[in-house]
$ cat structure_22.cif   # mmCIF, C-alpha atoms
data_entry
#
loop_
_atom_site.label_atom_id
_atom_site.label_comp_id
_atom_site.auth_asym_id
_atom_site.auth_seq_id
_atom_site.Cartn_x
_atom_site.Cartn_y
_atom_site.Cartn_z
CA MET A 1 -96.42 -139.81 24.62
CA LYS A 2 -94.73 -136.44 24.78
CA LEU A 3 -91.27 -136.56 26.34
CA LYS A 4 -92.02 -133.36 28.24
CA ASN A 5 -94.98 -134.99 30.01
CA ILE A 6 -92.94 -138.02 31.00
CA VAL A 7 -90.04 -135.89 32.27
CA GLU A 8 -92.43 -133.70 34.29
CA SER A 9 -94.03 -136.78 35.84
CA ILE A 10 -90.61 -138.18 36.72
CA GLU A 11 -89.73 -134.90 38.46
CA LYS A 12 -92.98 -134.85 40.39
CA ILE A 13 -92.92 -138.47 41.49
CA SER A 14 -89.27 -138.37 42.64
CA ASP A 15 -89.69 -135.40 44.96
CA SER A 16 -87.71 -137.00 47.75
CA GLN A 17 -84.05 -136.22 48.32
CA LYS A 18 -83.24 -139.87 48.79
CA GLN A 19 -80.84 -141.21 46.19
CA ILE A 20 -82.33 -143.89 43.96
CA ASN A 21 -79.89 -146.21 42.18
CA ILE A 22 -81.27 -147.68 38.97
CA MET A 23 -79.12 -150.13 37.03
CA GLU A 24 -79.50 -150.24 33.27
CA VAL A 25 -78.29 -153.77 32.72
CA CYS A 26 -77.82 -153.69 28.96
CA GLY A 27 -74.90 -152.10 27.10
CA THR A 28 -77.21 -150.93 24.33
CA HIS A 29 -79.21 -149.03 26.97
CA THR A 30 -75.99 -147.51 28.33
CA MET A 31 -75.09 -146.18 24.90
CA ALA A 32 -78.64 -144.92 24.29
CA ILE A 33 -78.78 -143.16 27.68
CA HIS A 34 -75.53 -141.30 26.96
CA ARG A 35 -76.26 -140.60 23.29
CA LEU A 36 -79.73 -139.26 24.04
CA GLY A 37 -78.65 -137.22 27.08
CA ILE A 38 -81.18 -138.99 29.33
CA LYS A 39 -79.21 -138.24 32.53
CA SER A 40 -79.56 -134.50 31.93
CA LEU A 41 -83.35 -134.90 31.95
CA LEU A 42 -83.50 -136.63 35.32
CA PRO A 43 -83.65 -135.18 38.84
CA LYS A 44 -80.29 -135.21 40.63
CA ASN A 45 -81.30 -137.91 43.10
CA ILE A 46 -81.78 -140.49 40.36
CA ASN A 47 -78.53 -142.28 39.73
CA LEU A 48 -78.23 -144.48 36.65
CA ILE A 49 -75.64 -147.25 36.96
CA SER A 50 -74.36 -149.27 34.00
CA GLY A 51 -74.58 -153.02 34.51
CA PRO A 52 -72.91 -156.17 33.24
CA GLY A 53 -74.94 -156.33 30.01
CA CYS A 54 -72.14 -155.87 27.52
CA PRO A 55 -71.11 -159.40 26.50
CA VAL A 56 -67.65 -158.39 25.37
CA CYS A 57 -67.01 -156.47 28.62
CA VAL A 58 -67.84 -159.49 30.79
CA THR A 59 -65.71 -161.93 28.78
CA SER A 60 -62.95 -163.00 31.16
CA VAL A 61 -59.26 -162.51 30.41
CA ASN A 62 -58.87 -166.31 30.62
CA ASP A 63 -61.41 -166.71 27.82
CA LEU A 64 -59.81 -163.91 25.78
CA ASN A 65 -56.44 -165.69 26.08
CA LYS A 66 -58.11 -168.90 24.90
CA ILE A 67 -59.53 -167.07 21.85
CA ILE A 68 -56.08 -165.72 20.98
CA PHE A 69 -54.53 -169.17 21.46
CA LEU A 70 -57.06 -170.69 19.04
CA ALA A 71 -56.63 -167.95 16.44
CA LYS A 72 -52.88 -168.66 16.36
CA GLN A 73 -53.23 -172.37 15.57
CA LYS A 74 -52.15 -173.64 12.16
CA ASN A 75 -54.75 -174.12 9.43
CA VAL A 76 -57.58 -172.33 11.21
CA ILE A 77 -59.84 -169.45 10.25
CA THR A 78 -61.29 -167.59 13.23
CA LEU A 79 -64.69 -165.95 12.80
CA THR A 80 -66.03 -163.36 15.21
CA TYR A 81 -68.52 -160.56 15.51
CA GLY A 82 -66.92 -157.13 15.23
CA ASP A 83 -67.30 -156.25 18.92
CA LEU A 84 -64.68 -158.74 20.01
CA PHE A 85 -62.07 -157.96 17.36
CA ARG A 86 -60.11 -155.29 19.21
CA VAL A 87 -60.52 -156.53 22.78
CA PRO A 88 -57.09 -157.30 24.22
CA GLY A 89 -56.41 -160.50 26.14
CA GLU A 90 -53.50 -160.49 28.52
CA LYS A 91 -51.08 -159.60 25.73
CA GLU A 92 -52.83 -159.08 22.42
CA SER A 93 -56.10 -158.81 20.53
CA LEU A 94 -57.54 -160.65 17.54
CA GLU A 95 -56.77 -157.53 15.52
CA ARG A 96 -53.09 -157.85 16.43
CA VAL A 97 -53.12 -161.60 15.73
CA ARG A 98 -54.52 -160.90 12.27
CA SER A 99 -51.84 -158.30 11.60
CA GLU A 100 -49.29 -161.07 12.33
CA GLY A 101 -50.72 -163.02 9.39
CA HIS A 102 -53.32 -165.28 11.00
CA ASP A 103 -56.71 -165.60 9.33
CA VAL A 104 -59.27 -163.77 11.50
CA ARG A 105 -62.51 -162.58 9.90
CA ILE A 106 -65.46 -160.50 11.08
CA ILE A 107 -68.90 -161.84 10.19
CA TYR A 108 -72.33 -160.22 10.47
CA SER A 109 -74.50 -163.32 10.61
CA VAL A 110 -73.49 -166.64 12.07
CA LEU A 111 -74.79 -168.45 8.99
CA ASP A 112 -71.98 -166.82 6.94
CA SER A 113 -69.64 -169.23 8.73
CA ILE A 114 -71.09 -172.23 6.85
CA LYS A 115 -70.06 -170.64 3.56
CA VAL A 116 -66.53 -170.03 4.91
CA ALA A 117 -66.40 -173.69 6.04
CA ASN A 118 -67.54 -174.98 2.63
CA ASP A 119 -65.08 -172.73 0.78
CA ASN A 120 -62.15 -173.88 2.93
CA PRO A 121 -62.52 -177.64 3.44
CA GLU A 122 -58.83 -178.09 4.31
CA LYS A 123 -59.07 -175.72 7.29
CA LYS A 124 -60.79 -175.73 10.67
CA ILE A 125 -63.23 -172.84 11.00
CA ILE A 126 -63.62 -171.56 14.56
CA PHE A 127 -66.65 -169.44 15.40
CA ILE A 128 -66.26 -167.43 18.61
CA ALA A 129 -69.75 -167.31 20.06
CA VAL A 130 -70.20 -164.40 22.46
CA GLY A 131 -73.49 -162.89 23.57
CA PHE A 132 -76.52 -163.24 25.79
CA GLU A 133 -79.86 -164.93 25.17
CA THR A 134 -80.56 -162.67 22.17
CA THR A 135 -77.58 -164.12 20.31
CA ALA A 136 -77.36 -167.67 21.73
CA PRO A 137 -80.31 -169.03 19.65
CA THR A 138 -78.55 -167.92 16.45
CA THR A 139 -75.49 -169.99 17.45
CA ALA A 140 -77.83 -172.89 18.29
CA ALA A 141 -79.39 -172.57 14.81
CA LEU A 142 -75.89 -172.70 13.29
CA VAL A 143 -74.96 -175.85 15.23
CA GLU A 144 -78.24 -177.52 14.25
CA GLU A 145 -77.57 -176.73 10.59
CA VAL A 146 -73.94 -177.86 10.76
CA TYR A 147 -75.16 -181.15 12.30
CA GLN A 148 -77.87 -181.66 9.67
CA LYS A 149 -75.60 -180.77 6.74
CA LYS A 150 -72.75 -182.86 8.19
CA VAL A 151 -70.25 -179.98 7.97
CA LYS A 152 -67.05 -181.48 9.35
CA ASN A 153 -64.71 -178.51 9.68
CA LEU A 154 -66.69 -175.99 11.74
CA LEU A 155 -66.09 -175.65 15.48
CA VAL A 156 -67.68 -173.37 18.05
CA LEU A 157 -66.23 -171.77 21.16
CA SER A 158 -69.38 -171.04 23.12
CA LEU A 159 -68.92 -168.21 25.61
CA HIS A 160 -72.64 -167.46 25.73
CA LYS A 161 -73.92 -166.19 29.06
CA THR A 162 -77.36 -165.65 30.56
CA VAL A 163 -78.57 -162.41 32.11
CA PRO A 164 -80.90 -163.44 35.01
CA GLU A 165 -78.13 -165.46 36.71
CA ALA A 166 -75.81 -162.43 36.65
CA LEU A 167 -78.49 -160.23 38.22
CA LEU A 168 -79.03 -162.81 40.94
CA ALA A 169 -75.27 -162.72 41.65
CA LEU A 170 -75.40 -158.91 41.88
CA LEU A 171 -78.38 -158.99 44.24
CA LYS A 172 -76.59 -161.48 46.49
CA ASN A 173 -73.60 -159.13 46.87
CA PRO A 174 -74.21 -156.94 49.95
CA LYS A 175 -71.77 -154.27 48.66
CA ILE A 176 -73.98 -153.48 45.68
CA MET A 177 -76.73 -150.94 46.27
CA ILE A 178 -79.29 -151.23 43.50
CA ASP A 179 -82.89 -150.15 44.02
CA GLY A 180 -84.28 -151.31 40.67
CA PHE A 181 -83.40 -152.51 37.19
CA ILE A 182 -83.98 -151.44 33.59
CA LEU A 183 -83.90 -154.87 31.92
CA PRO A 184 -82.53 -155.65 28.44
CA GLY A 185 -85.38 -155.49 25.93
CA HIS A 186 -83.95 -157.71 23.25
CA VAL A 187 -82.90 -160.47 25.66
CA SER A 188 -86.56 -160.62 26.71
CA THR A 189 -87.75 -161.06 23.11
CA VAL A 190 -86.23 -164.52 23.56
CA ILE A 191 -86.64 -165.41 27.27
CA GLY A 192 -89.83 -163.45 27.93
CA SER A 193 -90.47 -160.60 30.31
CA LEU A 194 -91.79 -162.23 33.43
CA LYS A 195 -90.76 -165.68 34.64
CA PRO A 196 -86.94 -165.39 34.36
CA TYR A 197 -86.91 -162.17 36.41
CA LYS A 198 -89.65 -162.90 38.94
CA PHE A 199 -87.06 -163.48 41.70
CA ILE A 200 -86.08 -159.79 41.57
CA SER A 201 -89.44 -158.63 42.92
CA ASP A 202 -90.52 -161.79 44.78
CA GLU A 203 -87.31 -162.58 46.64
CA TYR A 204 -85.44 -159.26 46.68
CA ASN A 205 -88.39 -156.90 46.83
CA LYS A 206 -87.08 -154.70 44.01
CA PRO A 207 -88.88 -153.48 40.88
CA ALA A 208 -87.68 -154.01 37.32
CA VAL A 209 -88.89 -152.90 33.88
CA VAL A 210 -88.14 -154.57 30.53
CA SER A 211 -87.41 -151.55 28.35
CA GLY A 212 -87.11 -150.44 24.75
CA PHE A 213 -84.22 -148.31 23.54
CA GLU A 214 -85.76 -145.01 22.37
CA ALA A 215 -85.60 -141.93 24.63
CA GLU A 216 -89.32 -142.10 25.29
CA GLU A 217 -89.16 -145.80 26.13
CA ILE A 218 -86.25 -145.43 28.56
CA LEU A 219 -87.91 -142.48 30.31
CA GLU A 220 -91.20 -144.39 30.52
CA SER A 221 -89.33 -147.27 32.14
CA ILE A 222 -87.80 -144.91 34.71
CA LEU A 223 -91.26 -143.47 35.43
CA LEU A 224 -92.67 -146.98 35.92
CA LEU A 225 -89.83 -147.82 38.32
CA LEU A 226 -90.37 -144.62 40.32
CA LYS A 227 -94.09 -145.33 40.58
CA MET A 228 -93.33 -148.76 42.01
CA PHE A 229 -90.83 -147.25 44.50
CA LYS A 230 -93.38 -144.67 45.57
CA GLU A 231 -96.14 -147.23 46.12
CA LYS A 232 -93.74 -149.81 47.55
CA LYS A 233 -95.20 -152.38 45.18
CA PRO A 234 -92.28 -153.96 43.35
CA SER A 235 -93.03 -156.11 40.34
CA ILE A 236 -91.70 -156.85 36.85
CA ILE A 237 -93.31 -154.64 34.18
CA ASN A 238 -92.91 -154.97 30.42
CA GLN A 239 -92.58 -151.51 28.84
CA TYR A 240 -91.40 -153.01 25.53
CA LYS A 241 -94.63 -154.75 24.55
CA LYS A 242 -94.02 -153.73 20.94
CA VAL A 243 -91.71 -156.75 20.55
CA VAL A 244 -91.58 -158.51 23.94
CA THR A 245 -94.20 -160.98 25.16
CA SER A 246 -94.33 -162.44 28.65
CA LYS A 247 -93.39 -165.90 27.34
CA GLY A 248 -90.78 -164.80 24.79
CA ASN A 249 -89.80 -166.65 21.63
CA ILE A 250 -90.70 -170.31 22.21
CA GLU A 251 -88.90 -171.56 19.08
CA ALA A 252 -85.69 -169.76 20.08
CA GLN A 253 -85.95 -171.26 23.60
CA ARG A 254 -86.55 -174.72 22.13
CA ILE A 255 -83.48 -174.63 19.93
CA MET A 256 -81.32 -173.27 22.77
CA ASN A 257 -82.45 -176.11 25.04
CA LYS A 258 -81.85 -178.62 22.27
CA ILE A 259 -78.24 -177.58 21.58
CA PHE A 260 -76.90 -176.18 24.85
CA GLU A 261 -76.64 -177.19 28.46
CA ARG A 262 -75.95 -174.97 31.43
CA THR A 263 -72.44 -174.58 32.78
CA ASN A 264 -70.67 -172.39 35.31
CA ALA A 265 -69.19 -169.36 33.55
CA GLU A 266 -66.51 -166.84 34.45
CA TRP A 267 -67.66 -163.21 34.17
CA ARG A 268 -65.15 -160.40 34.22
CA GLY A 269 -65.60 -158.54 37.48
CA LEU A 270 -68.20 -160.94 38.85
CA GLY A 271 -66.14 -164.15 38.95
CA ILE A 272 -67.64 -167.60 38.42
CA ILE A 273 -71.44 -167.53 38.33
CA ARG A 274 -73.20 -170.85 38.72
CA LYS A 275 -75.06 -172.11 35.67
CA SER A 276 -74.76 -168.77 33.88
CA GLY A 277 -73.03 -170.15 30.78
CA LEU A 278 -74.20 -172.20 27.81
CA LYS A 279 -72.05 -174.98 26.38
CA LEU A 280 -72.80 -177.50 23.63
CA ASN A 281 -74.47 -180.58 25.10
CA LYS A 282 -73.32 -184.16 24.67
CA LYS A 283 -75.02 -184.73 21.31
CA TYR A 284 -73.35 -181.67 19.74
CA VAL A 285 -70.05 -181.63 21.65
CA GLN A 286 -68.27 -182.83 18.47
CA PHE A 287 -68.56 -179.21 17.28
CA SER A 288 -66.92 -177.77 20.40
CA VAL A 289 -63.35 -176.43 20.09
CA ASP A 290 -62.56 -178.16 23.39
CA ASN A 291 -63.30 -181.48 21.75
CA PHE A 292 -60.71 -180.88 19.07
CA PHE A 293 -57.93 -178.77 20.62
CA LYS A 294 -56.12 -179.66 23.83
CA ILE A 295 -56.03 -176.29 25.55
CA SER A 296 -54.15 -175.80 28.80
CA LEU A 297 -53.26 -172.20 29.47
CA PRO A 298 -51.88 -170.65 32.67
CA LYS A 299 -54.33 -168.60 34.70
CA ALA A 300 -54.49 -165.07 33.27
CA LYS A 301 -53.08 -162.07 35.07
CA GLU A 302 -55.47 -159.15 34.91
CA ASN A 303 -54.35 -155.53 34.63
CA LEU A 304 -55.15 -154.46 38.18
CA ALA A 305 -55.32 -150.77 37.26
CA CYS A 306 -58.30 -151.45 34.93
CA LYS A 307 -61.52 -151.02 36.90
CA CYS A 308 -63.85 -152.49 34.28
CA GLY A 309 -64.90 -155.31 36.62
CA GLU A 310 -66.03 -152.88 39.32
CA ILE A 311 -67.57 -150.47 36.83
CA ILE A 312 -69.94 -153.11 35.43
CA GLN A 313 -71.18 -153.82 38.94
CA GLY A 314 -71.85 -150.16 39.63
CA LEU A 315 -69.18 -150.09 42.36
CA LYS A 316 -67.05 -147.54 40.50
CA GLN A 317 -67.53 -144.93 37.77
CA PRO A 318 -65.15 -144.58 34.80
CA LYS A 319 -63.79 -141.35 36.34
CA ASP A 320 -62.65 -143.41 39.37
CA CYS A 321 -60.26 -145.35 37.13
CA LEU A 322 -56.76 -143.83 36.85
CA LEU A 323 -56.41 -145.11 33.28
CA PHE A 324 -59.67 -143.61 31.97
CA SER A 325 -59.19 -141.05 29.19
CA LYS A 326 -55.44 -140.84 29.93
CA ASN A 327 -53.83 -144.20 29.17
CA CYS A 328 -57.08 -145.86 28.10
CA THR A 329 -58.99 -144.34 25.16
CA PRO A 330 -61.09 -145.83 22.34
CA GLU A 331 -58.04 -145.50 20.04
CA LYS A 332 -55.75 -147.28 22.51
CA PRO A 333 -58.04 -149.22 24.84
CA ILE A 334 -56.70 -151.17 27.79
CA GLY A 335 -59.87 -152.74 29.15
CA PRO A 336 -63.01 -154.16 27.53
CA CYS A 337 -65.27 -151.39 28.90
CA MET A 338 -63.40 -149.00 26.60
CA VAL A 339 -63.01 -151.34 23.63
CA SER A 340 -66.59 -152.42 23.18
CA SER A 341 -68.78 -149.90 21.41
CA GLU A 342 -71.30 -150.60 24.19
CA GLY A 343 -68.84 -150.41 27.07
CA THR A 344 -69.51 -147.98 29.92
CA CYS A 345 -66.11 -146.30 29.59
CA ALA A 346 -66.56 -145.93 25.81
CA ALA A 347 -69.98 -144.32 26.40
CA PHE A 348 -68.58 -141.89 29.00
CA TYR A 349 -65.59 -141.08 26.78
CA LYS A 350 -67.64 -140.53 23.62
CA TYR A 351 -70.53 -138.56 25.05
CA GLY A 352 -68.94 -136.98 28.12
CA GLY A 353 -71.40 -136.65 30.93
CA TYR A 354 -69.04 -137.78 33.66
CA ASP A 355 -69.82 -134.62 35.56
CA VAL A 356 -73.60 -134.97 35.18
CA MET B 1 -74.26 -156.39 20.99
CA CYS B 2 -77.96 -157.24 21.37
CA LEU B 3 -78.84 -154.71 18.69
CA GLY B 4 -82.07 -155.24 16.80
CA THR B 5 -83.52 -153.58 13.72
CA ILE B 6 -87.14 -153.59 12.65
CA GLY B 7 -88.02 -154.29 9.01
CA LYS B 8 -91.01 -155.40 6.93
CA ILE B 9 -91.21 -158.82 5.28
CA LYS B 10 -91.69 -158.49 1.51
CA LYS B 11 -91.25 -162.10 0.41
CA ILE B 12 -90.76 -165.52 2.01
CA LYS B 13 -89.04 -168.51 0.42
CA TYR B 14 -88.68 -171.59 2.67
CA SER B 15 -87.16 -170.22 5.88
CA GLU B 16 -85.64 -167.12 4.29
CA ALA B 17 -87.37 -163.75 4.07
CA ILE B 18 -86.58 -160.69 2.01
CA VAL B 19 -86.95 -157.85 4.49
CA ASP B 20 -87.20 -154.15 3.75
CA PHE B 21 -85.29 -151.90 6.15
CA SER B 22 -86.29 -148.35 5.23
CA GLY B 23 -85.62 -148.97 1.54
CA ASN B 24 -82.75 -151.48 1.86
CA SER B 25 -83.63 -155.12 1.25
CA ARG B 26 -81.80 -157.92 3.02
CA SER B 27 -82.20 -161.64 3.36
CA VAL B 28 -83.14 -162.71 6.90
CA SER B 29 -83.48 -166.20 8.38
CA LEU B 30 -86.91 -167.09 9.78
CA ARG B 31 -85.66 -170.23 11.52
CA LEU B 32 -86.29 -168.72 14.95
CA LEU B 33 -89.61 -167.16 13.93
CA PRO B 34 -91.38 -169.66 11.65
CA GLN B 35 -94.79 -168.06 12.24
CA ALA B 36 -93.77 -164.77 10.56
CA LYS B 37 -95.79 -163.82 7.46
CA VAL B 38 -95.41 -161.47 4.51
CA GLY B 39 -96.33 -157.96 5.65
CA ASN B 40 -95.24 -158.52 9.28
CA TYR B 41 -92.82 -156.06 10.86
CA ILE B 42 -90.07 -158.11 12.49
CA LEU B 43 -87.15 -157.47 14.84
CA VAL B 44 -83.92 -158.75 13.30
CA HIS B 45 -80.76 -159.60 15.22
CA ALA B 46 -77.55 -160.90 13.57
CA GLY B 47 -79.38 -162.02 10.43
CA PHE B 48 -82.23 -163.77 12.26
CA ALA B 49 -85.80 -162.62 12.86
CA ILE B 50 -86.45 -162.98 16.60
CA ALA B 51 -89.77 -161.20 17.24
CA ILE B 52 -92.83 -159.80 15.49
CA ALA B 53 -93.44 -156.10 16.20
CA ASP B 54 -97.00 -155.50 17.37
CA GLU B 55 -98.19 -151.89 17.32
CA ALA B 56 -101.47 -152.81 19.09
CA GLN B 57 -99.45 -154.04 22.09
CA ALA B 58 -97.34 -150.87 21.99
CA LYS B 59 -100.55 -148.81 22.21
CA GLU B 60 -101.61 -150.76 25.31
CA ASN B 61 -98.41 -149.54 26.92
CA ASP B 62 -99.16 -145.94 25.87
CA LYS B 63 -102.47 -146.20 27.70
CA LEU B 64 -100.78 -147.34 30.92
CA ILE B 65 -98.26 -144.47 30.77
CA ALA B 66 -101.00 -141.92 30.06
CA GLU B 67 -102.87 -143.16 33.17
CA ILE B 68 -99.74 -142.82 35.31
CA ILE B 69 -99.06 -139.30 34.02
CA ASP B 70 -102.66 -138.30 34.87
CA GLU B 71 -102.34 -139.84 38.32
CA VAL B 72 -99.01 -138.13 39.03
CA LYS B 73 -100.51 -134.75 38.02
CA LYS B 74 -102.84 -135.07 41.01
CA TYR B 75 -99.91 -135.35 43.47
CA SER B 76 -99.64 -132.24 45.59
#

$ encode --input "structure_22.cif" --output "structure tokens"
Amino acid sequence: MKLKNIVESIEKISDSQKQINIMEVCGTHTMAIHRLGIKSLLPKNINLISGPGCPVCVTSVNDLNKIIFLAKQKNVITLTYGDLFRVPGEKESLERVRSEGHDVRIIYSVLDSIKVANDNPEKKIIFIAVGFETTAPTTAALVEEVYQKKVKNLLVLSLHKTVPEALLALLKNPKIMIDGFILPGHVSTVIGSLKPYKFISDEYNKPAVVSGFEAEEILESILLLLKMFKEKKPSIINQYKKVVTSKGNIEAQRIMNKIFERTNAEWRGLGIIRKSGLKLNKKYVQFSVDNFFKISLPKAKENLACKCGEIIQGLKQPKDCLLFSKNCTPEKPIGPCMVSSEGTCAAFYKYGGYDV
Amino acid sequence: MCLGTIGKIKKIKYSEAIVDFSGNSRSVSLRLLPQAKVGNYILVHAGFAIAIADEAQAKENDKLIAEIIDEVKKYS
């Protein structure tokens, strides 16, 4: 489809002056929207809001402090994906902890951690598991393998979170004005496009589109949303049929259900959301860090000037934060929205567009 | 964080595939996608294949968008 045709249709269908707030839930969409200049192609009354779909950004300060505490223990090697490496807890980041001499390593696939465990039998290997439903099955596959191969020195801190529960929490908040959602495409490759999100249209009367990440795909998703607004027929549409099916990846769901159970999880900015976290279930709890380390940390104090929590709910824009681009930059980040390569503040800082 | 890259399966050995990403070959786990076959285009996330890319389904979507664009053209 030619971009020009899609953009023209968007202009024609959104002829009203009424502001329409569309939340792009996923951090990868936020980066794509800024990188591709999507906002400059849209009519002024369409307002794109970045949502809570950046796993690093929604990791609570309490959990970040716990990660730092674990990384500082004796005889441990901490493994993490790159996104989390520079995110500061209350006082310091994993990067800082490593510079103090502790063994913190970045891995690209979770299965690399088994090799690290086998090469270092005298140490405890701690894998920090952060991510949504796209990533959680890979951690589940690791735990299954560790169980089968009887690896004794690998532990997991599961901070995995699930997207639909966070959207339900947003919809329940009367302060948040969202008319429709662009849903994370790769999360739906696992959970499917329809059933987990049905409540958005059925109970809250709002449309949502599971979207791909190319310019054409994002614009098509916006067009589909506008069509549903216009006709007042909200439903959940799958724009990303190339890789997303309505039922998702059954094997990935099976392994997640086998290894994890639901738990309440703390989201930065959103607070505790019921049953939005995944922890190792009873059979696999022997691989949980909580089963090995006694951790009792004081409640974290957040930097009140950092508005990341409100930004990921669409209540504030990066420009509303006094720290943004002055005290808080990608080189010296204060909050997770600036640290993560998918954070809203990082996207606004890198690509500009805060006046669009 | 939920980044995914599409590549083509060249070889499969047990639950590991050698996948071609625009000329670069990498080993990818098929544990979450056991039905994948040689020749399939797959979406890979953090070293795991998580979905098969289906161009026929993508074309179905193109048809829907083309219909909407035609319909919107008729708006006054």

$ closest_atom_pairs --input "structure_22.cif" --of "chain B" --to "chain A" --cutoff "8 Å" --atoms "only C-alpha atoms" --output "JSON lines"
{"residue": "B:Met1", "atom": "CA", "partner": "A:Cys54", "partner_atom": "CA", "distance": 6.9}
{"residue": "B:Cys2", "atom": "CA", "partner": "A:Thr134", "partner_atom": "CA", "distance": 6.1}
{"residue": "B:Leu3", "atom": "CA", "partner": "A:Thr28", "partner_atom": "CA", "distance": 7.0}
{"residue": "B:Gly4", "atom": "CA", "partner": "A:His186", "partner_atom": "CA", "distance": 7.2}
{"residue": "B:Arg31", "atom": "CA", "partner": "A:Ala141", "partner_atom": "CA", "distance": 7.5}
{"residue": "B:Leu32", "atom": "CA", "partner": "A:Ala252", "partner_atom": "CA", "distance": 5.3}
{"residue": "B:Leu33", "atom": "CA", "partner": "A:Glu251", "partner_atom": "CA", "distance": 6.8}
{"residue": "B:Leu43", "atom": "CA", "partner": "A:Val243", "partner_atom": "CA", "distance": 7.3}
{"residue": "B:His45", "atom": "CA", "partner": "A:Thr135", "partner_atom": "CA", "distance": 7.5}
{"residue": "B:Ala46", "atom": "CA", "partner": "A:Ser109", "partner_atom": "CA", "distance": 4.9}
{"residue": "B:Gly47", "atom": "CA", "partner": "A:Ser109", "partner_atom": "CA", "distance": 5.1}
{"residue": "B:Phe48", "atom": "CA", "partner": "A:Thr138", "partner_atom": "CA", "distance": 7.0}
{"residue": "B:Ile50", "atom": "CA", "partner": "A:Thr189", "partner_atom": "CA", "distance": 6.9}
{"residue": "B:Ala51", "atom": "CA", "partner": "A:Val243", "partner_atom": "CA", "distance": 5.9}
{"residue": "B:Ile52", "atom": "CA", "partner": "A:Val243", "partner_atom": "CA", "distance": 6.0}
{"residue": "B:Ala53", "atom": "CA", "partner": "A:Val243", "partner_atom": "CA", "distance": 4.7}
{"residue": "B:Asp54", "atom": "CA", "partner": "A:Lys242", "partner_atom": "CA", "distance": 5.0}
{"residue": "B:Glu55", "atom": "CA", "partner": "A:Lys242", "partner_atom": "CA", "distance": 5.8}
{"residue": "B:Ala56", "atom": "CA", "partner": "A:Lys242", "partner_atom": "CA", "distance": 7.7}
{"residue": "B:Gln57", "atom": "CA", "partner": "A:Lys241", "partner_atom": "CA", "distance": 5.5}
{"residue": "B:Ala58", "atom": "CA", "partner": "A:Lys242", "partner_atom": "CA", "distance": 4.5}
{"residue": "B:Asn61", "atom": "CA", "partner": "A:Gln239", "partner_atom": "CA", "distance": 6.4}
{"residue": "B:Asp62", "atom": "CA", "partner": "A:Met1", "partner_atom": "CA", "distance": 6.8}
{"residue": "B:Ile65", "atom": "CA", "partner": "A:Glu220", "partner_atom": "CA", "distance": 7.1}
{"residue": "B:Ala66", "atom": "CA", "partner": "A:Met1", "partner_atom": "CA", "distance": 7.4}
{"residue": "B:Ile69", "atom": "CA", "partner": "A:Ser9", "partner_atom": "CA", "distance": 5.9}
{"residue": "B:Val72", "atom": "CA", "partner": "A:Ser9", "partner_atom": "CA", "distance": 6.1}
{"residue": "B:Lys73", "atom": "CA", "partner": "A:Ser9", "partner_atom": "CA", "distance": 7.1}
{"residue": "B:Tyr75", "atom": "CA", "partner": "A:Lys12", "partner_atom": "CA", "distance": 7.6}

$ resolve_selection --input "structure_22.cif" --expression "the PyMOL selection byres ((chain B and resi 38) around 8)" --output "PyMOL selection string"
chain B and resi 8-12+36-37+39-40

$ atom_distance --input "structure_22.cif" --atom1 "atom CA of Ile20 of chain A" --atom2 "atom CA of Gly343 of chain A"
22.6 Å

$ residues_near_point --input "structure_22.cif" --point "(-61.6, -166.3, 25.7)" --cutoff "10 Å" --atoms "all atoms listed in the file" --output "list in words"
Val56, Thr59, Ser60, Val61, Asn62, Asp63, Leu64, Asn65, Lys66, Ile67, Ile68, Phe69, Leu70, Leu84, Gly89, Ile128, Ala129, Val130, Leu157, Ser158 and Leu159 of chain A

$ write_last_selection --input "structure_22.cif" --atoms "C-alpha atoms" --output "PDB file, in the coordinates of the input"
ATOM      1  CA  VAL A  56     -67.650-158.390  25.370  1.00  0.00           C
ATOM      2  CA  THR A  59     -65.710-161.930  28.780  1.00  0.00           C
ATOM      3  CA  SER A  60     -62.950-163.000  31.160  1.00  0.00           C
ATOM      4  CA  VAL A  61     -59.260-162.510  30.410  1.00  0.00           C
ATOM      5  CA  ASN A  62     -58.870-166.310  30.620  1.00  0.00           C
ATOM      6  CA  ASP A  63     -61.410-166.710  27.820  1.00  0.00           C
ATOM      7  CA  LEU A  64     -59.810-163.910  25.780  1.00  0.00           C
ATOM      8  CA  ASN A  65     -56.440-165.690  26.080  1.00  0.00           C
ATOM      9  CA  LYS A  66     -58.110-168.900  24.900  1.00  0.00           C
ATOM     10  CA  ILE A  67     -59.530-167.070  21.850  1.00  0.00           C
ATOM     11  CA  ILE A  68     -56.080-165.720  20.980  1.00  0.00           C
ATOM     12  CA  PHE A  69     -54.530-169.170  21.460  1.00  0.00           C
ATOM     13  CA  LEU A  70     -57.060-170.690  19.040  1.00  0.00           C
ATOM     14  CA  LEU A  84     -64.680-158.740  20.010  1.00  0.00           C
ATOM     15  CA  GLY A  89     -56.410-160.500  26.140  1.00  0.00           C
ATOM     16  CA  ILE A 128     -66.260-167.430  18.610  1.00  0.00           C
ATOM     17  CA  ALA A 129     -69.750-167.310  20.060  1.00  0.00           C
ATOM     18  CA  VAL A 130     -70.200-164.400  22.460  1.00  0.00           C
ATOM     19  CA  LEU A 157     -66.230-171.770  21.160  1.00  0.00           C
ATOM     20  CA  SER A 158     -69.380-171.040  23.120  1.00  0.00           C
ATOM     21  CA  LEU A 159     -68.920-168.210  25.610  1.00  0.00           C
TER      22      LEU A 159
END

$ atom_distance --input "structure_22.cif" --atom1 "atom CA of Asp179 of chain A" --atom2 "atom CA of Asn21 of chain A"
5.3 Å
